[in-house]
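*Asks:* Structure file final12.txt (compact mmCIF, C-alpha atoms) is given on the next line.
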# COMPACT_ATOMS: atom_id res chain seq x y z
CA MET A 1 0.00 0.00 0.00
CA THR A 2 1.39 3.38 -0.90
CA LYS A 3 1.14 6.19 1.55
CA LYS A 4 -0.67 9.23 0.28
CA VAL A 5 1.61 12.23 0.54
CA LYS A 6 0.23 15.65 1.34
CA ASP A 7 1.63 18.39 -0.82
CA GLU A 8 -0.19 21.41 0.57
CA ILE A 9 1.97 24.23 1.81
CA LEU A 10 1.89 24.46 5.58
CA HIS A 11 4.26 27.35 6.26
CA ASP A 12 5.09 29.76 3.51
CA HIS A 13 7.50 32.05 5.34
CA ASN A 14 9.18 33.44 2.26
CA LYS A 15 5.97 33.95 0.33
CA ASP A 16 7.54 31.90 -2.43
CA GLY A 17 5.02 29.13 -2.57
CA VAL A 18 7.32 26.65 -0.92
CA ASP A 19 7.33 25.51 2.66
CA ARG A 20 10.34 23.86 4.21
CA ARG A 21 8.70 20.47 4.41
CA GLY A 22 7.72 20.48 0.76
CA PHE A 23 11.17 21.57 -0.28
CA LEU A 24 12.92 18.93 1.79
CA LYS A 25 10.59 16.30 0.42
CA CYS A 26 11.56 17.33 -3.07
CA MET A 27 15.22 17.27 -2.10
CA ALA A 28 14.92 13.83 -0.60
CA TRP A 29 13.46 12.39 -3.75
CA ALA A 30 15.79 14.16 -6.09
CA GLY A 31 18.50 11.53 -5.82
CA THR A 32 16.28 8.59 -6.55
CA GLY A 33 14.04 9.95 -9.25
CA ALA A 34 11.64 12.75 -8.52
CA LEU A 35 9.53 15.19 -10.36
CA CYS A 36 9.35 18.70 -9.03
CA VAL A 37 6.77 20.80 -10.76
CA MET A 38 6.18 24.49 -10.44
CA GLN A 39 2.54 25.25 -11.06
CA GLY A 40 1.45 28.84 -10.76
CA GLY A 41 4.46 29.53 -8.57
CA VAL A 42 3.76 26.55 -6.37
CA LEU A 43 6.26 23.76 -6.11
CA LYS A 44 4.75 20.32 -6.15
CA SER A 45 6.77 17.21 -5.78
CA TYR A 46 5.91 13.72 -6.90
CA SER A 47 7.85 10.51 -6.66
CA LEU A 48 8.35 8.80 -10.00
CA SER A 49 5.91 6.08 -9.01
CA ARG A 50 3.17 8.71 -8.77
CA LEU A 51 3.74 10.28 -12.17
CA SER A 52 0.38 9.02 -13.34
CA ASP A 53 -1.27 11.31 -10.76
CA LEU A 54 -0.17 14.26 -12.82
CA GLY A 55 -2.27 13.35 -15.80
CA ALA A 56 -1.10 13.39 -19.36
CA GLY A 57 -0.36 17.08 -19.56
CA ALA A 58 2.71 17.51 -17.47
CA THR A 59 5.08 15.00 -18.95
CA ALA A 60 3.88 12.89 -21.81
CA ALA A 61 2.37 15.69 -23.84
CA GLY A 62 4.89 18.39 -22.95
CA GLU A 63 5.45 20.87 -25.74
CA LEU A 64 9.14 20.92 -25.22
CA SER A 65 11.21 18.19 -23.70
CA PHE A 66 14.97 18.20 -23.40
CA VAL A 67 17.60 16.38 -21.38
CA GLN A 68 20.46 17.79 -19.34
CA ILE A 69 23.60 15.73 -18.87
CA SER A 70 26.69 16.87 -17.05
CA ASP A 71 30.22 16.14 -15.92
CA SER A 72 31.15 13.28 -18.26
CA HIS A 73 34.85 13.71 -17.32
CA MET A 74 35.97 11.63 -20.28
CA GLY A 75 39.55 10.54 -19.57
CA PHE A 76 39.03 10.07 -15.82
CA ASN A 77 40.22 6.56 -14.92
CA LYS A 78 40.60 6.51 -11.14
CA PRO A 79 38.93 4.04 -8.74
CA ALA A 80 35.77 6.17 -8.37
CA ASN A 81 34.91 5.09 -11.93
CA PRO A 82 37.43 3.37 -14.20
CA ASP A 83 34.91 3.31 -17.08
CA VAL A 84 33.43 6.77 -17.65
CA ALA A 85 32.81 5.92 -21.31
CA GLY A 86 30.65 3.00 -20.17
CA THR A 87 28.54 5.13 -17.87
CA LEU A 88 28.13 7.84 -20.52
CA LYS A 89 26.90 5.13 -22.89
CA ALA A 90 24.47 4.04 -20.16
CA ALA A 91 23.24 7.65 -20.00
CA VAL A 92 22.69 7.60 -23.76
CA ASP A 93 20.71 4.36 -23.44
CA LYS A 94 18.61 6.01 -20.75
CA ILE A 95 17.97 9.03 -22.99
CA ASN A 96 17.07 6.85 -25.95
CA GLY A 97 14.64 4.94 -23.76
CA LEU A 98 12.67 7.97 -22.54
CA SER A 99 8.98 7.74 -23.32
CA ALA A 100 8.87 11.39 -24.43
CA ALA A 101 11.82 11.76 -26.77
CA PRO A 102 13.79 14.92 -25.99
CA GLU A 103 14.27 17.47 -28.75
CA PHE A 104 17.88 18.16 -27.82
CA LEU A 105 20.45 17.79 -25.07
CA LEU A 106 22.17 20.32 -22.85
CA HIS A 107 25.61 19.40 -21.55
CA THR A 108 26.54 21.54 -18.56
CA GLY A 109 30.28 21.07 -18.75
CA ASP A 110 33.26 18.98 -17.72
CA ILE A 111 32.82 17.10 -20.96
CA SER A 112 36.47 16.07 -20.72
CA HIS A 113 38.71 15.47 -17.73
CA LEU A 114 41.92 17.04 -19.07
CA SER A 115 40.79 19.01 -22.15
CA LYS A 116 42.45 16.45 -24.43
CA PRO A 117 41.18 16.33 -28.04
CA GLU A 118 40.64 12.57 -27.85
CA GLU A 119 38.47 13.01 -24.75
CA PHE A 120 36.16 15.45 -26.55
CA ASP A 121 36.18 13.12 -29.59
CA THR A 122 35.04 10.18 -27.47
CA VAL A 123 32.16 12.13 -25.91
CA ASP A 124 31.05 13.41 -29.32
CA GLN A 125 31.13 9.87 -30.67
CA ILE A 126 29.08 8.44 -27.78
CA LEU A 127 26.50 11.25 -27.82
CA LYS A 128 26.02 10.80 -31.56
CA ALA A 129 23.98 7.70 -30.72
CA THR A 130 21.21 9.96 -29.38
CA GLY A 131 20.79 11.54 -32.81
CA LYS A 132 20.14 14.87 -31.04
CA ASP A 133 21.70 18.30 -31.15
CA VAL A 134 23.75 19.00 -28.06
CA PHE A 135 24.23 22.48 -26.61
CA PHE A 136 27.36 22.78 -24.48
CA VAL A 137 28.76 25.14 -21.91
CA PRO A 138 32.30 24.53 -20.63
CA GLY A 139 33.35 23.25 -17.24
CA GLU A 140 36.74 24.12 -15.77
CA HIS A 141 38.09 20.79 -17.04
CA ASP A 142 37.28 21.78 -20.63
CA VAL A 143 39.34 24.96 -20.72
CA LEU A 144 42.65 23.76 -19.24
CA ASN A 145 45.88 25.10 -20.72
CA ASP A 146 44.36 27.07 -23.61
CA ASP A 147 41.78 29.42 -22.02
CA GLY A 148 39.03 27.53 -23.77
CA ALA A 149 40.21 27.97 -27.38
CA GLN A 150 39.65 24.32 -28.23
CA PHE A 151 36.24 24.29 -26.56
CA ARG A 152 35.08 27.29 -28.58
CA GLU A 153 36.48 25.82 -31.78
CA ARG A 154 34.48 22.63 -31.23
CA TYR A 155 31.27 23.83 -29.59
CA GLY A 156 31.08 27.59 -29.58
CA LYS A 157 31.84 28.91 -33.05
CA SER A 158 28.83 31.20 -33.05
CA ALA A 159 29.03 31.97 -29.33
CA LYS A 160 30.03 35.30 -27.84
CA GLY A 161 33.05 36.06 -25.67
CA SER A 162 34.40 32.99 -23.91
CA GLY A 163 31.48 30.88 -25.19
CA TRP A 164 28.13 32.27 -24.01
CA TYR A 165 25.03 32.33 -26.20
CA SER A 166 21.25 32.16 -26.22
CA PHE A 167 18.61 30.51 -28.39
CA GLU A 168 14.85 29.99 -28.59
CA LYS A 169 12.98 26.70 -28.69
CA LYS A 170 9.18 26.70 -28.85
CA GLY A 171 8.87 29.97 -27.00
CA VAL A 172 11.39 29.07 -24.29
CA HIS A 173 14.48 31.28 -24.13
CA PHE A 174 17.70 29.40 -23.31
CA ILE A 175 20.82 31.17 -22.06
CA GLY A 176 24.14 29.28 -21.90
CA LEU A 177 26.64 31.00 -19.61
CA VAL A 178 30.37 30.50 -18.95
CA ASN A 179 31.50 30.82 -15.32
CA VAL A 180 34.74 28.83 -15.37
CA MET A 181 37.11 31.35 -16.97
CA ASN A 182 39.47 33.89 -15.41
CA LEU A 183 38.92 32.56 -11.92
CA LYS A 184 40.56 34.66 -9.23
CA ALA A 185 42.62 33.40 -6.27
CA GLY A 186 40.33 32.63 -3.35
CA GLY A 187 37.19 33.23 -5.42
CA LEU A 188 34.27 31.25 -6.83
CA GLY A 189 32.94 30.89 -10.37
CA THR A 190 32.86 34.13 -12.33
CA LEU A 191 30.67 35.43 -15.14
CA GLY A 192 32.45 38.75 -15.59
CA HIS A 193 31.35 42.20 -16.64
CA GLU A 194 31.27 41.62 -20.39
CA GLN A 195 29.06 38.53 -20.12
CA LEU A 196 26.70 40.18 -17.65
CA GLU A 197 26.26 43.17 -19.96
CA TRP A 198 25.53 40.85 -22.85
CA MET A 199 22.97 38.97 -20.76
CA GLU A 200 21.20 42.14 -19.65
CA ASP A 201 20.86 43.13 -23.28
CA ASP A 202 19.85 39.61 -24.33
CA VAL A 203 16.77 39.48 -22.08
CA LYS A 204 15.79 43.15 -22.16
CA HIS A 205 13.29 42.86 -25.00
CA LEU A 206 11.72 39.55 -23.97
CA LYS A 207 8.18 39.47 -22.59
CA SER A 208 7.99 38.70 -18.90
CA SER A 209 5.84 35.68 -19.74
CA THR A 210 8.72 34.07 -21.66
CA PRO A 211 9.97 30.99 -19.81
CA ILE A 212 13.71 31.29 -19.23
CA VAL A 213 16.20 28.45 -18.89
CA VAL A 214 19.71 29.42 -17.82
CA PHE A 215 22.42 26.76 -17.93
CA ALA A 216 26.02 27.00 -16.75
CA HIS A 217 28.57 24.66 -15.22
CA ILE A 218 29.19 25.95 -11.68
CA PRO A 219 26.00 26.52 -9.66
CA LEU A 220 24.59 30.05 -9.94
CA TRP A 221 23.52 29.80 -6.32
CA SER A 222 25.59 29.45 -3.22
CA VAL A 223 25.62 25.70 -2.65
CA TYR A 224 28.83 25.51 -0.59
CA PRO A 225 31.31 28.35 -1.11
CA GLU A 226 33.90 26.63 1.10
CA TRP A 227 34.35 24.15 -1.74
CA GLY A 228 33.97 26.76 -4.46
CA TRP A 229 30.40 25.67 -5.19
CA GLY A 230 28.95 29.01 -6.18
CA THR A 231 29.45 31.95 -8.54
CA ASP A 232 30.69 35.31 -7.25
CA ASP A 233 28.56 37.52 -9.51
CA SER A 234 25.51 35.30 -10.05
CA ALA A 235 23.25 37.69 -8.11
CA GLN A 236 23.72 40.27 -10.85
CA ALA A 237 22.73 37.76 -13.53
CA LEU A 238 19.63 36.77 -11.59
CA ALA A 239 18.69 40.41 -11.07
CA TYR A 240 18.23 40.70 -14.86
CA LEU A 241 15.70 37.86 -14.69
CA LYS A 242 13.48 39.27 -11.95
CA LYS A 243 10.66 40.27 -14.29
CA PHE A 244 10.18 36.78 -15.66
CA GLY A 245 7.49 34.50 -14.27
CA SER A 246 9.37 31.28 -14.86
CA VAL A 247 13.14 30.92 -14.57
CA THR A 248 14.86 27.55 -14.43
CA VAL A 249 18.58 27.46 -13.66
CA LEU A 250 20.38 24.24 -14.56
CA ASN A 251 23.92 23.57 -13.36
CA GLY A 252 26.40 20.73 -12.90
CA HIS A 253 29.84 20.72 -11.25
CA ILE A 254 28.88 19.24 -7.88
CA HIS A 255 28.12 15.73 -9.18
CA GLN A 256 24.87 15.36 -7.24
CA THR A 257 21.30 16.51 -7.63
CA MET A 258 20.14 19.43 -5.58
CA GLN A 259 17.21 21.80 -5.90
CA LYS A 260 16.24 25.14 -4.48
CA VAL A 261 13.37 27.48 -5.24
CA GLU A 262 13.48 31.22 -4.72
CA GLY A 263 10.43 33.09 -5.89
CA ASN A 264 10.01 32.33 -9.57
CA VAL A 265 13.46 30.82 -9.91
CA THR A 266 14.05 27.09 -9.64
CA PHE A 267 17.70 26.12 -9.25
CA HIS A 268 18.68 22.58 -10.05
CA THR A 269 21.97 20.70 -10.29
CA ALA A 270 22.33 17.50 -12.28
CA ALA A 271 24.13 14.29 -11.39
CA SER A 272 27.37 13.45 -13.17
CA THR A 273 27.56 10.62 -15.69
CA ALA A 274 31.08 9.84 -14.40
CA PHE A 275 31.53 9.79 -10.62
CA PRO A 276 29.80 11.10 -7.50
CA GLN A 277 31.17 13.76 -5.17
CA PRO A 278 30.42 14.04 -1.44
CA GLN A 279 27.63 16.11 0.02
CA PRO A 280 28.75 19.60 1.04
CA GLY A 281 31.16 19.43 3.97
CA LYS A 282 30.75 15.68 4.40
CA ALA A 283 34.35 14.89 3.41
CA ASP A 284 37.82 16.46 3.60
CA SER A 285 37.51 17.69 0.03
CA PRO A 286 35.07 17.62 -2.89
CA GLY A 287 37.17 14.98 -4.69
CA PRO A 288 35.72 11.90 -6.41
CA MET A 289 33.80 9.65 -4.03
CA LYS A 290 34.39 5.92 -4.25
CA VAL A 291 31.27 3.86 -3.69
CA PRO A 292 30.81 0.09 -4.06
CA ALA A 293 30.80 -0.76 -7.77
CA GLU A 294 27.24 -2.09 -7.66
CA GLN A 295 26.00 1.24 -6.30
CA LEU A 296 27.78 3.52 -8.75
CA ARG A 297 25.10 3.75 -11.42
CA SER A 298 22.44 4.50 -8.85
CA ILE A 299 24.10 7.84 -8.10
CA LEU A 300 24.97 8.82 -11.64
CA GLY A 301 22.22 10.09 -13.86
CA ILE A 302 20.50 12.34 -16.35
CA THR A 303 17.92 15.09 -15.96
CA ASP A 304 14.82 15.30 -18.11
CA VAL A 305 13.07 18.67 -18.39
CA ASN A 306 9.57 19.29 -19.73
CA TYR A 307 7.80 22.49 -20.58
CA VAL A 308 4.07 22.75 -21.11
CA ARG A 309 2.81 25.98 -22.64
CA GLY A 310 0.44 27.88 -20.40
CA GLN A 311 1.96 26.51 -17.22
CA HIS A 312 4.58 28.37 -15.28
CA ALA A 313 6.33 25.17 -14.48
CA LEU A 314 9.13 23.36 -16.15
CA ALA A 315 9.10 19.85 -14.79
CA VAL A 316 12.53 18.62 -13.82
CA VAL A 317 13.02 14.88 -13.45
CA ASP A 318 16.25 13.26 -12.33
CA SER A 319 16.76 9.61 -13.08
CA SER A 320 19.72 7.44 -12.19
CA LEU A 321 21.61 5.19 -14.59
CA ALA A 322 20.84 2.11 -12.51
CA MET B 1 91.32 9.44 -0.45
CA TRP B 2 92.31 12.90 -1.60
CA ILE B 3 88.78 13.42 -2.99
CA LEU B 4 87.12 12.47 0.28
CA VAL B 5 89.16 14.97 2.26
CA LEU B 6 88.16 17.73 -0.11
CA ALA B 7 84.49 16.78 0.01
CA ALA B 8 84.14 16.84 3.78
CA PRO B 9 84.02 20.67 4.25
CA VAL B 10 81.41 20.94 1.50
CA VAL B 11 79.13 18.47 3.26
CA ALA B 12 79.59 20.31 6.55
CA ALA B 13 78.68 23.63 4.94
CA LEU B 14 75.52 22.12 3.49
CA LEU B 15 74.43 20.72 6.84
CA VAL B 16 74.71 24.01 8.74
CA SER B 17 72.84 26.16 6.22
CA GLY B 18 69.52 24.67 7.34
CA SER B 19 67.60 24.24 4.07
CA ARG B 20 65.76 21.06 3.28
CA SER B 21 68.01 19.46 0.68
CA PHE B 22 71.03 20.28 -1.40
CA THR B 23 72.80 19.37 -4.57
CA ALA B 24 76.46 20.19 -4.92
CA ARG B 25 77.31 20.74 -8.54
CA ALA B 26 80.63 20.52 -10.34
CA GLU B 27 80.90 24.30 -10.64
CA GLN B 28 80.38 24.53 -6.87
CA THR B 29 77.05 26.41 -6.99
CA GLN B 30 74.46 25.18 -4.53
CA ALA B 31 70.85 24.69 -5.52
CA SER B 32 68.38 24.07 -2.71
CA SER B 33 64.87 22.75 -3.12
CA ALA B 34 61.55 22.54 -1.35
CA GLU B 35 58.48 20.39 -1.84
CA VAL B 36 54.78 21.22 -1.76
CA LYS B 37 52.24 18.41 -1.97
CA ILE B 38 48.70 18.81 -3.24
CA ASP B 39 46.31 16.64 -1.25
CA ASN B 40 42.55 16.94 -0.73
CA PHE B 41 42.28 20.18 -2.70
CA SER B 42 44.93 21.97 -0.63
CA PHE B 43 48.60 22.91 -0.83
CA GLY B 44 50.76 21.47 1.96
CA PRO B 45 52.40 23.30 3.47
CA ALA B 46 50.30 26.26 2.42
CA ALA B 47 53.25 28.59 3.10
CA VAL B 48 56.94 27.79 2.57
CA THR B 49 59.89 30.05 3.29
CA VAL B 50 62.99 29.49 1.17
CA GLU B 51 66.24 31.16 0.23
CA VAL B 52 66.88 32.89 -3.08
CA GLY B 53 67.81 30.32 -5.69
CA THR B 54 65.55 27.62 -4.25
CA THR B 55 63.58 25.40 -6.60
CA VAL B 56 60.10 24.60 -5.30
CA THR B 57 58.43 21.49 -6.67
CA TRP B 58 54.69 20.89 -6.42
CA THR B 59 53.30 17.36 -6.73
CA ASN B 60 49.61 16.69 -7.31
CA ARG B 61 48.51 13.68 -5.28
CA ASP B 62 44.76 14.14 -5.85
CA ASP B 63 42.56 12.18 -8.26
CA ILE B 64 41.62 15.52 -9.79
CA PRO B 65 43.89 17.78 -11.87
CA HIS B 66 45.16 21.03 -10.41
CA THR B 67 47.36 23.93 -11.48
CA VAL B 68 49.87 26.16 -9.72
CA VAL B 69 49.48 29.77 -10.85
CA SER B 70 51.15 32.83 -9.38
CA ASP B 71 48.78 35.67 -8.40
CA GLU B 72 51.14 38.10 -10.14
CA LYS B 73 51.70 35.83 -13.15
CA VAL B 74 55.31 35.15 -12.17
CA PHE B 75 54.87 31.42 -12.78
CA LYS B 76 52.14 29.23 -14.20
CA SER B 77 52.06 25.46 -14.50
CA LYS B 78 50.31 23.45 -17.13
CA VAL B 79 47.53 21.34 -15.69
CA LEU B 80 48.94 18.66 -13.38
CA ASP B 81 47.23 15.30 -13.47
CA THR B 82 47.66 12.82 -10.62
CA ASP B 83 51.34 12.50 -9.57
CA GLU B 84 52.54 15.11 -12.05
CA LYS B 85 54.96 17.78 -10.85
CA PHE B 86 55.77 21.41 -11.51
CA SER B 87 58.96 23.19 -10.46
CA PHE B 88 59.94 26.83 -10.33
CA THR B 89 63.23 28.39 -9.20
CA PHE B 90 62.89 31.60 -7.22
CA THR B 91 65.69 34.04 -8.07
CA LYS B 92 64.36 37.17 -6.36
CA PRO B 93 63.29 37.79 -2.75
CA GLY B 94 59.63 38.46 -2.13
CA THR B 95 56.29 36.90 -1.23
CA TYR B 96 54.71 34.95 -4.05
CA GLY B 97 51.04 34.15 -3.59
CA TYR B 98 49.68 31.43 -5.83
CA PHE B 99 46.49 29.43 -6.41
CA CYS B 100 44.95 26.61 -8.42
CA SER B 101 43.27 28.25 -11.42
CA VAL B 102 40.90 25.26 -11.68
CA HIS B 103 39.86 25.42 -8.01
CA PRO B 104 40.67 28.98 -6.93
CA LYS B 105 39.73 28.32 -3.31
CA MET B 106 43.10 26.53 -3.17
CA THR B 107 45.75 29.11 -2.30
CA GLY B 108 49.32 29.11 -0.99
CA LYS B 109 52.43 31.25 -0.82
CA VAL B 110 56.18 31.04 -1.17
CA VAL B 111 58.25 33.51 0.83
CA VAL B 112 61.72 33.97 -0.69
CA GLN B 113 64.39 35.51 1.56
Produce structure tokens that represent the structure in this file.
*Replies:*
Amino acid sequence: MTKKVKDEILHDHNKDGVDRRGFLKCMAWAGTGALCVMQGGVLKSYSLSRLSDLGAGATAAGELSFVQISDSHMGFNKPANPDVAGTLKAAVDKINGLSAAPEFLLHTGDISHLSKPEEFDTVDQILKATGKDVFFVPGEHDVLNDDGAQFRERYGKSAKGSGWYSFEKKGVHFIGLVNVMNLKAGGLGTLGHEQLEWMEDDVKHLKSSTPIVVFAHIPLWSVYPEWGWGTDDSAQALAYLKKFGSVTVLNGHIHQTMQKVEGNVTFHTAASTAFPQPQPGKADSPGPMKVPAEQLRSILGITDVNYVRGQHALAVVDSSLA
Amino acid sequence: MWILVLAAPVVAALLVSGSRSFTARAEQTQASSAEVKIDNFSFGPAAVTVEVGTTVTWTNRDDIPHTVVSDEKVFKSKVLDTDEKFSFTFTKPGTYGYFCSVHPKMTGKVVVQ
């Protein structure tokens, strides 16, 4: 017998439509496969086994469906995962098996482990099996030694600056940002003045009803600054998005799923397809976490995102590779 | 026998100067060295004090690549994968702050006297 879960908001201290209990519930499910839906500014969470409760509208008949993958770290070969090509292939199988086929993929960086051409080649080859376009932003591992020249040559020929760009899909405005360049001693991720100015200009003429999806490698919210898990000037970027009713921020970098809602902004980080990292502060460093081999695929994963026109919400579903 | 007698004062001089290790070269210059290890996303020791002419060698012992980059762009390593090393010889006195450009929360300094 399944226990009926109450999703009403009990205490809405921040007037953001989310009470602590509801948020934690969403967090707790995020690692195992959860659906967190924003409807009219209200966060609702469902376990994957209750997807049918949502009706056809929210997932199956979404007008736009895409998948986020992150942190492939091709070239990594340490004990935490000696076969990152194998787990990326498993992610591709997962994507190809989705009931609602995604229109395209977002890769939120750390494609490679050491920025080697053959590492990028391998990822490109494996992702080809999805038959989908892939939109990339770089992680810090993709811009080693050459300030990102190779990355831009491969993935960002029409991008601005160090590789940022925007595009439209079915009325949704996507903004790919770069926050892994020109990092300063002691600091966090950085967007920089030039990119922020571009972004302000990029969204200025959009209607406030336009759903916005921002994707970048390092979280654009302060997850755990002690480990560098945040972006120094992200508040400025988010200030440009205040007028929009629906903003979804998708990041990677921390190799675990995490979600936070602030007003109309939903922040979400994706799992890695390569290796897990510890929860904030739960280890001496954020280095690769070794788990028993049989558990590895249960903490790697992909993120499926659905947009239904007329609803504020973009539904974000994490599923593991297990 | 004659060689040994000559070598003894050199060894004594090296021992009293107090640096961590020495190499006596044919031309009788002395080059000292110091080591910094990278473990768990940190430089150890985070601060080293050395004499002018010292070569500092960093070794990355993490499963994740790091770099060693001077704040003032005096030196800059390529990316160091696991067990790779980077060395720099300090020829001028001063305090040289540095960080990992991949993980900028990692900082350290070399004080050259």
*Asks:* Please identify every residue of chain A that has at least one atom no farther than 6 Å from an atom of chain B, counting only C-alpha atoms, and for each give the shortest atom pair and the distance in Å to one decimal, arranged by chain then increasing number, as CSV.
*Replies:*
residue,atom,partner,partner_atom,distance
A:Glu140,CA,B:Val102,CA,5.9
A:Asn145,CA,B:Lys78,CA,5.9
A:Ala185,CA,B:Pro104,CA,4.9
A:Gly186,CA,B:Lys105,CA,4.4
A:Gly187,CA,B:Pro104,CA,5.7
A:Ser285,CA,B:Asn40,CA,5.2
*Asks:* Need the shell around Val36 of chain B: protein/DNA/RNA residues with any atom at most 7 Å away, counting all atoms listed in the file. Skip same-chain ones fewer than 2 positions apart. Format as a JSON list (two decimals) with C-alpha atoms, keeping the file's coordinate frame?
*Replies:*
[["chain", "number", "residue", "atom", "x", "y", "z"],
["B", 34, "ALA", "CA", 61.55, 22.54, -1.35],
["B", 38, "ILE", "CA", 48.70, 18.81, -3.24],
["B", 43, "PHE", "CA", 48.60, 22.91, -0.83],
["B", 44, "GLY", "CA", 50.76, 21.47, 1.96],
["B", 45, "PRO", "CA", 52.40, 23.30, 3.47],
["B", 57, "THR", "CA", 58.43, 21.49, -6.67],
["B", 58, "TRP", "CA", 54.69, 20.89, -6.42],
["B", 59, "THR", "CA", 53.30, 17.36, -6.73]]
*Asks:* For atom CA of Phe244 of chain A and atom CA of Ala159 of chain A, determine how far apart the two atoms are, in Å to one decimal place.
*Replies:*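 Answer for the atom CA of Phe244 of chain A to atom CA of Ala159 of chain A separation: 23.8 Å.
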*Asks:* Please, what distance in Å, to one decimal, runs between atom CA of Ser166 of chain A and atom CA of Asp202 of chain A?
*Replies:* 7.8 Å
*Asks:* Please report the interatomic distance between atom CA of Gly53 of chain B and atom CA of Val111 of chain B in Å with one decimal.
*Replies:*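 These atoms are spaced 12.0 Å apart.
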*Asks:* Which residue gives the smallest distance to Pro276 of chain A among A:Met181, A:Ile218, A:Val261, A:Ile254, with all atoms listed in the file counted?
*Replies:*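 Between A:Met181, A:Ile218, A:Val261, A:Ile254, the residue approaching Pro276 of chain A most closely is A:Ile254.
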*Asks:* Tell me which of A:Asp71, A:Asp232, A:Glu118, A:Asp318 sits closest to Lys184 of chain A, counting only C-alpha atoms.
*Replies:* A:Asp232
*Asks:* Which neighbours of Gly94 of chain B fall inside 12 Å, counting only C-alpha atoms, when residues of the same chain fewer than 6 positions from it are skipped, and could you give them as number ranges by chain?
*Replies:* B: 48-52, 72, 74, 109-113
*Asks:* Taking all atoms listed in the file into account, name the residue in A:Val214, A:Ala322, A:Val172, A:Val134 that is nearest to Arg309 of chain A.
*Replies:*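 Closest candidate: A:Val172.
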*Asks:* Point out the residue among A:Arg154, A:His217, A:Lys94, A:His113 with the least atom-to-atom distance to Asn77 of chain A, counting all atoms listed in the file.
*Replies:*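 Checking each candidate against Asn77 of chain A, we get A:His113 as the closest.
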*Asks:* For Val305 of chain A, list every protein, DNA or RNA residue within 6 Å, evaluated using only C-alpha atoms, and leave out those in the same chain fewer than 4 positions away; present the list as a list in words.
*Replies:* Ser65, Phe66, Val67, Ala315 and Val316 of chain A
*Asks:* Nearest to Glu294 of chain A among A:Leu321, A:Thr266, A:Thr273, A:Gly189, with distances taken over all atoms listed in the file: which residue is it?
*Replies:* A:Leu321
